[in-house]
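Novice: work-v8.cif is the file, holding mmCIF, C-alpha atoms:
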data_data
loop_
_atom_site.label_atom_id
_atom_site.label_comp_id
_atom_site.auth_asym_id
_atom_site.auth_seq_id
_atom_site.Cartn_x
_atom_site.Cartn_y
_atom_site.Cartn_z
CA MET A 1 -42.75 68.33 18.07
CA GLU A 2 -44.20 71.75 18.66
CA ALA A 3 -46.65 73.37 16.22
CA SER A 4 -44.07 75.44 14.28
CA GLN A 5 -41.80 72.40 13.96
CA ASN A 6 -44.77 70.40 12.67
CA GLU A 7 -45.41 73.04 10.04
CA GLN A 8 -41.73 73.14 9.07
CA PHE A 9 -41.60 69.35 8.85
CA GLU A 10 -44.68 69.28 6.63
CA ARG A 11 -43.32 72.05 4.42
CA LEU A 12 -39.74 70.76 4.12
CA ILE A 13 -39.96 66.98 4.38
CA LEU A 14 -43.39 65.77 3.22
CA PRO A 15 -42.97 66.94 -0.40
CA HIS A 16 -40.17 64.36 -0.72
CA LEU A 17 -42.25 61.39 0.38
CA GLY A 18 -42.53 60.13 -3.22
CA ALA A 19 -38.76 60.22 -3.69
CA ALA A 20 -38.36 58.41 -0.37
CA TYR A 21 -40.68 55.62 -1.46
CA ASN A 22 -39.06 55.42 -4.89
CA LEU A 23 -35.59 54.99 -3.38
CA ALA A 24 -36.80 52.40 -0.88
CA ARG A 25 -38.64 50.43 -3.55
CA TRP A 26 -35.58 50.31 -5.78
CA LEU A 27 -33.28 49.33 -2.93
CA VAL A 28 -35.39 46.56 -1.41
CA ARG A 29 -37.25 45.64 -4.62
CA ASN A 30 -40.53 44.99 -2.85
CA PRO A 31 -43.36 47.55 -2.66
CA ASP A 32 -44.72 46.35 0.70
CA ASP A 33 -41.31 46.34 2.38
CA ALA A 34 -40.59 49.75 0.84
CA GLU A 35 -43.78 51.18 2.35
CA ASP A 36 -42.83 49.81 5.77
CA LEU A 37 -39.32 51.19 5.51
CA VAL A 38 -40.50 54.63 4.44
CA GLN A 39 -42.93 54.68 7.35
CA ASP A 40 -40.09 53.75 9.70
CA ALA A 41 -37.86 56.40 8.13
CA MET A 42 -40.57 59.05 8.48
CA LEU A 43 -40.94 58.21 12.17
CA ARG A 44 -37.19 58.64 12.55
CA ALA A 45 -37.33 61.90 10.63
CA VAL A 46 -40.06 63.22 12.95
CA ARG A 47 -38.10 62.13 15.99
CA PHE A 48 -34.85 63.74 14.85
CA PHE A 49 -36.23 66.76 13.01
CA ALA A 50 -35.18 69.07 15.83
CA GLY A 51 -31.59 68.18 14.90
CA PHE A 52 -32.07 69.14 11.24
CA ARG A 53 -29.98 72.28 10.74
CA GLY A 54 -31.28 73.33 7.36
CA GLY A 55 -29.76 72.54 4.02
CA ASP A 56 -31.16 70.06 1.56
CA ALA A 57 -34.24 68.49 3.18
CA ARG A 58 -34.59 65.92 0.40
CA ALA A 59 -31.02 64.70 0.85
CA TRP A 60 -31.54 64.58 4.64
CA LEU A 61 -34.71 62.48 4.31
CA LEU A 62 -33.25 60.20 1.63
CA ALA A 63 -30.21 59.57 3.82
CA ILE A 64 -32.55 58.35 6.57
CA VAL A 65 -34.46 56.18 4.07
CA ARG A 66 -31.21 54.82 2.65
CA ASN A 67 -29.88 53.94 6.09
CA SER A 68 -33.15 52.24 7.01
CA CYS A 69 -33.09 50.23 3.79
CA PHE A 70 -29.49 49.12 4.10
CA THR A 71 -30.03 48.15 7.74
CA TRP A 72 -33.08 46.13 6.68
CA LEU A 73 -31.16 44.53 3.80
CA GLN A 74 -28.33 43.61 6.17
CA ARG A 75 -30.82 41.84 8.46
CA HIS A 76 -32.98 40.19 5.81
CA ARG A 77 -30.87 39.81 2.68
CA ALA A 78 -27.23 40.25 3.63
CA ALA A 79 -25.98 38.29 0.61
CA GLU A 80 -27.65 40.80 -1.71
CA LEU A 81 -25.44 43.65 -0.44
CA ASN A 82 -22.28 41.88 -1.57
CA GLU A 83 -23.76 40.29 -4.65
CA GLU A 84 -21.60 40.41 -7.75
CA PHE A 85 -23.08 40.45 -11.22
CA ASP A 86 -23.04 37.04 -12.85
CA GLU A 87 -24.42 37.12 -16.37
CA GLU A 88 -25.56 33.50 -16.24
CA THR A 89 -27.51 34.04 -13.02
CA HIS A 90 -28.74 37.58 -13.54
CA THR A 91 -29.61 37.81 -17.21
CA PRO A 92 -33.20 39.01 -17.26
CA THR A 93 -35.56 36.71 -19.05
CA ALA A 94 -37.68 38.57 -21.49
CA VAL A 95 -40.45 37.23 -23.62
CA GLN A 96 -39.63 37.77 -27.25
CA ALA A 97 -42.08 40.28 -28.57
CA SER A 98 -43.22 41.21 -32.03
CA GLN A 99 -41.78 44.28 -33.70
CA GLU A 100 -44.91 46.24 -32.79
CA GLN A 101 -44.62 45.34 -29.11
CA SER A 102 -40.88 46.09 -29.09
CA ALA A 103 -41.65 49.66 -30.09
CA LEU A 104 -43.85 50.26 -27.06
CA ALA A 105 -42.25 52.46 -24.45
CA GLY A 106 -43.83 50.47 -21.62
CA GLU A 107 -41.98 47.35 -22.65
CA GLU A 108 -38.70 49.21 -22.87
CA ALA A 109 -39.30 50.61 -19.40
CA GLY A 110 -39.99 47.09 -18.16
CA ARG A 111 -36.69 45.81 -19.57
CA LEU A 112 -34.85 48.70 -18.02
CA ARG A 113 -36.57 48.07 -14.69
CA SER A 114 -35.69 44.35 -14.85
CA ALA A 115 -32.08 45.13 -15.71
CA LEU A 116 -31.82 47.73 -12.94
CA GLU A 117 -33.12 45.24 -10.39
CA VAL A 118 -30.28 42.78 -11.01
CA ILE A 119 -27.38 45.13 -10.30
CA PRO A 120 -25.99 45.24 -6.73
CA ALA A 121 -27.72 47.57 -4.26
CA ALA A 122 -24.92 50.15 -3.95
CA PHE A 123 -24.75 50.64 -7.72
CA ARG A 124 -28.55 50.55 -8.06
CA GLU A 125 -28.82 53.25 -5.38
CA ALA A 126 -26.42 55.57 -7.23
CA VAL A 127 -28.12 55.06 -10.60
CA VAL A 128 -31.62 55.57 -9.15
CA LEU A 129 -30.65 58.73 -7.28
CA ARG A 130 -28.91 60.22 -10.31
CA GLU A 131 -30.97 59.05 -13.26
CA ILE A 132 -34.44 58.73 -11.76
CA GLU A 133 -34.40 61.24 -8.91
CA GLY A 134 -32.15 63.70 -10.77
CA MET A 135 -29.85 64.33 -7.81
CA SER A 136 -26.43 65.92 -8.20
CA TYR A 137 -23.26 64.04 -7.31
CA LYS A 138 -22.96 66.20 -4.22
CA GLU A 139 -26.50 65.36 -3.12
CA ILE A 140 -25.95 61.64 -3.72
CA ALA A 141 -22.73 61.80 -1.70
CA ALA A 142 -24.67 63.40 1.18
CA VAL A 143 -27.42 60.77 1.02
CA ALA A 144 -25.05 57.81 0.79
CA GLY A 145 -22.47 59.21 3.21
CA VAL A 146 -19.61 58.72 0.75
CA SER A 147 -17.25 60.95 -1.20
CA ILE A 148 -18.13 62.40 -4.60
CA GLY A 149 -15.40 60.20 -6.09
CA THR A 150 -17.15 57.13 -4.71
CA VAL A 151 -20.45 58.36 -6.18
CA MET A 152 -18.77 58.77 -9.56
CA SER A 153 -17.26 55.29 -9.33
CA ARG A 154 -20.56 53.69 -8.30
CA LEU A 155 -22.40 55.47 -11.10
CA ALA A 156 -19.85 54.39 -13.69
CA ARG A 157 -19.89 50.78 -12.48
CA GLY A 158 -23.67 50.81 -12.12
CA ARG A 159 -24.17 52.12 -15.65
CA GLU A 160 -21.69 49.57 -16.99
CA ARG A 161 -23.52 46.72 -15.26
CA LEU A 162 -26.84 48.10 -16.43
CA ARG A 163 -25.57 48.06 -20.02
CA GLY A 164 -24.35 44.50 -19.46
CA ALA A 165 -27.74 43.43 -18.14
CA LEU A 166 -29.51 45.06 -21.09
CA ALA A 167 -27.13 43.66 -23.74
CA PRO A 168 -28.48 40.07 -23.71
CA VAL A 169 -32.02 41.40 -24.20
CA ALA A 170 -30.90 43.53 -27.15
CA GLU A 171 -29.03 40.56 -28.66
CA ARG A 172 -32.11 38.32 -28.34
CA GLN A 173 -34.25 41.00 -29.98
CA ALA A 174 -31.80 41.42 -32.86
CA GLY A 175 -31.75 37.64 -33.38
CA ALA A 176 -35.55 37.51 -33.30
CA LYS A 177 -35.80 40.28 -35.91
CA GLU A 178 -33.32 38.50 -38.22
CA GLY A 179 -35.19 35.20 -37.94
CA ALA A 180 -38.64 36.78 -38.31
CA GLY A 181 -38.40 37.14 -42.07
CA PRO A 182 -40.20 39.71 -44.26
#
Let me see the file written as structure tokens.
Specialist:
Amino acid sequence: MEASQNEQFERLILPHLGAAYNLARWLVRNPDDAEDLVQDAMLRAVRFFAGFRGGDARAWLLAIVRNSCFTWLQRHRAAELNEEFDEETHTPTAVQASQEQSALAGEEAGRLRSALEVIPAAFREAVVLREIEGMSYKEIAAVAGVSIGTVMSRLARGRERLRGALAPVAERQAGAKEGAGP
């Protein structure tokens, strides 16, 4: 890459490195693998930056990260891509906490994170891009290479499965509160 392309790359692409890592970590669910995949995606981005014709740089980079992650998942964990939600298998196990601990935001975030990790990758991707990265449906469609209708469907199904994964935790907490006494 020539000097002006280097400067453009640094200005347009590098600010989205955190979002790239976040997406990779959620998709592959392993911080070390996510780092490797982001590094691979960044090398691809450098190599193909001359072909970038403007537009949304974040969506362009996240599409590269997404493709790298799904290729990696296909090679290393193919069954995970087609995994269906089974409540018996995927119900997150949570340690029953006292009322004081239940109120802590960190614990709630942990439950949400655990629940998010059990939903299939395609749904997890849509939920992460929308709810965590704050991307529009149009941007998610560009990243995932699908129609906006498919994004909407994946979000709806992802949110539904997320609620389903969180429900057993909420039920256990309600039962613990009832049995705790005054």
Novice: For a quick check of understanding, using only C-alpha atoms, which of A:Arg44, A:Leu73, A:Ala19, A:Phe49 has the smallest distance to Arg130 of chain A?
Specialist: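 When distances to Arg130 of chain A are compared using only C-alpha atoms, the smallest one comes from A:Ala19.
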Novice: In terms of the shortest atom-to-atom distance over all atoms listed in the file, which of A:Leu116, A:Leu12, A:Ala41, A:Ala121 is closest to Val28 of chain A?
Specialist: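 Under the stated criterion, the closest residue is A:Ala121.
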Novice: Got a sec to resolve the PyMOL selection byres ((chain A and resi 69) around 9) on this structure and send the residues as a list in words?
Specialist: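 Given this file, the PyMOL selection byres ((chain A and resi 69) around 9) evaluates to Leu23, Ala24, Leu27, Val28, Ala34, Leu37, Val38, Ala41, Ile64, Val65, Arg66, Asn67, Ser68, Phe70, Thr71, Trp72, Leu73 and Gln74 of chain A.
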Novice: Exactly which residues make up the result of the PyMOL selection byres ((chain A and resi 46) around 12) on this file, given as JSON, numbers by chain?
Specialist: {"A": [1, 2, 5, 6, 7, 8, 9, 10, 12, 13, 14, 39, 40, 41, 42, 43, 44, 45, 47, 48, 49, 50, 51, 52, 60, 61, 64]}
Novice: Using only C-alpha atoms, which of A:Val151, A:Val127, A:Asn30, A:Ala20 sits nearest Leu112 of chain A?
Specialist: A:Val127
Novice: The PyMOL selection byres ((chain A and resi 154-165) around 7) on the file shown: which residues, as a ChimeraX atom specification?
Specialist: /A:91,115-116,119,123-124,126-127,150-153,166-168
Novice: Report, in Å with one decimal, the straight-line distance from atom CA of Pro15 of chain A to atom CA of Arg58 of chain A.
Specialist: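 Taking atom CA of Pro15 of chain A as the start and atom CA of Arg58 of chain A as the end point, the length is 8.5 Å.
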Novice: Mind giving me the straight-line distance from atom CA of Met135 of chain A to atom CA of Asp32 of chain A in Å, one decimal?
Specialist: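 That distance, rounded to one decimal, is 24.8 Å.
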Novice: Given the choices A:Arg113, A:Arg11, A:His16, A:Arg77, which gets closest to Ala63 of chain A if the distance is worked out from all atoms listed in the file?
Specialist: A:His16
Novice: Taking all atoms listed in the file into account, name the residue in A:Leu129, A:Arg111, A:Glu35, A:Ser4 that is nearest to Ala142 of chain A.
Specialist: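 The shortest atom-to-atom distance to Ala142 of chain A comes from A:Leu129.
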Novice: Could you add whatever atoms are missing so that segment 38-61 of chain A carries N, CA, C and O atoms, then write the result as a compact mmCIF listing (two decimals), keeping the file's coordinate frame?
Specialist:
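Saved result, result06.txt, follows:
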# COMPACT_ATOMS: atom_id res chain seq x y z
N VAL A 38 -40.28 53.19 4.52
CA VAL A 38 -40.50 54.63 4.44
C VAL A 38 -41.25 55.10 5.68
O VAL A 38 -40.93 56.15 6.25
N GLN A 39 -42.20 54.31 6.12
CA GLN A 39 -42.93 54.68 7.35
C GLN A 39 -41.97 54.74 8.53
O GLN A 39 -42.00 55.69 9.32
N ASP A 40 -41.09 53.76 8.63
CA ASP A 40 -40.09 53.75 9.70
C ASP A 40 -39.16 54.96 9.58
O ASP A 40 -38.85 55.63 10.56
N ALA A 41 -38.74 55.26 8.36
CA ALA A 41 -37.86 56.40 8.13
C ALA A 41 -38.56 57.72 8.48
O ALA A 41 -37.93 58.63 9.04
N MET A 42 -39.83 57.82 8.15
CA MET A 42 -40.57 59.05 8.48
C MET A 42 -40.70 59.22 10.00
O MET A 42 -40.60 60.33 10.51
N LEU A 43 -40.90 58.12 10.70
CA LEU A 43 -40.94 58.21 12.17
C LEU A 43 -39.60 58.69 12.72
O LEU A 43 -39.55 59.52 13.63
N ARG A 44 -38.52 58.18 12.15
CA ARG A 44 -37.19 58.64 12.55
C ARG A 44 -36.99 60.12 12.22
O ARG A 44 -36.42 60.86 13.00
N ALA A 45 -37.47 60.50 11.05
CA ALA A 45 -37.33 61.90 10.63
C ALA A 45 -38.09 62.82 11.58
O ALA A 45 -37.58 63.88 11.96
N VAL A 46 -39.29 62.43 11.99
CA VAL A 46 -40.06 63.22 12.95
C VAL A 46 -39.29 63.33 14.26
O VAL A 46 -39.14 64.40 14.84
N ARG A 47 -38.80 62.18 14.71
CA ARG A 47 -38.10 62.13 15.99
C ARG A 47 -36.84 62.99 16.01
O ARG A 47 -36.52 63.64 17.00
N PHE A 48 -36.12 63.02 14.89
CA PHE A 48 -34.85 63.74 14.85
C PHE A 48 -34.90 65.06 14.11
O PHE A 48 -33.88 65.68 13.85
N PHE A 49 -36.10 65.52 13.77
CA PHE A 49 -36.23 66.76 13.01
C PHE A 49 -35.66 67.97 13.75
O PHE A 49 -35.14 68.88 13.13
N ALA A 50 -35.73 67.95 15.05
CA ALA A 50 -35.18 69.07 15.83
C ALA A 50 -33.67 69.22 15.57
O ALA A 50 -33.12 70.32 15.68
N GLY A 51 -33.01 68.14 15.20
CA GLY A 51 -31.59 68.18 14.90
C GLY A 51 -31.27 68.59 13.47
O GLY A 51 -30.10 68.78 13.12
N PHE A 52 -32.28 68.72 12.63
CA PHE A 52 -32.07 69.14 11.24
C PHE A 52 -31.67 70.61 11.24
O PHE A 52 -32.37 71.46 11.76
N ARG A 53 -30.53 70.92 10.69
CA ARG A 53 -29.98 72.28 10.74
C ARG A 53 -30.11 73.02 9.42
O ARG A 53 -29.32 73.89 9.10
N GLY A 54 -31.11 72.67 8.64
CA GLY A 54 -31.28 73.33 7.36
C GLY A 54 -30.51 72.60 6.28
O GLY A 54 -30.03 71.49 6.47
N GLY A 55 -30.43 73.19 5.15
CA GLY A 55 -29.76 72.54 4.02
C GLY A 55 -30.77 71.83 3.15
O GLY A 55 -31.94 72.21 3.10
N ASP A 56 -30.33 70.79 2.50
CA ASP A 56 -31.16 70.06 1.56
C ASP A 56 -32.04 69.05 2.29
O ASP A 56 -31.57 67.99 2.72
N ALA A 57 -33.31 69.36 2.44
CA ALA A 57 -34.24 68.49 3.18
C ALA A 57 -34.42 67.16 2.47
O ALA A 57 -34.54 66.11 3.11
N ARG A 58 -34.43 67.17 1.14
CA ARG A 58 -34.59 65.92 0.40
C ARG A 58 -33.41 64.99 0.66
O ARG A 58 -33.59 63.80 0.93
N ALA A 59 -32.21 65.52 0.59
CA ALA A 59 -31.02 64.70 0.85
C ALA A 59 -31.04 64.17 2.29
O ALA A 59 -30.68 63.02 2.53
N TRP A 60 -31.48 65.00 3.24
CA TRP A 60 -31.54 64.58 4.64
C TRP A 60 -32.51 63.42 4.80
O TRP A 60 -32.19 62.41 5.41
N LEU A 61 -33.70 63.55 4.21
CA LEU A 61 -34.71 62.48 4.31
C LEU A 61 -34.24 61.23 3.59
O LEU A 61 -34.35 60.12 4.12
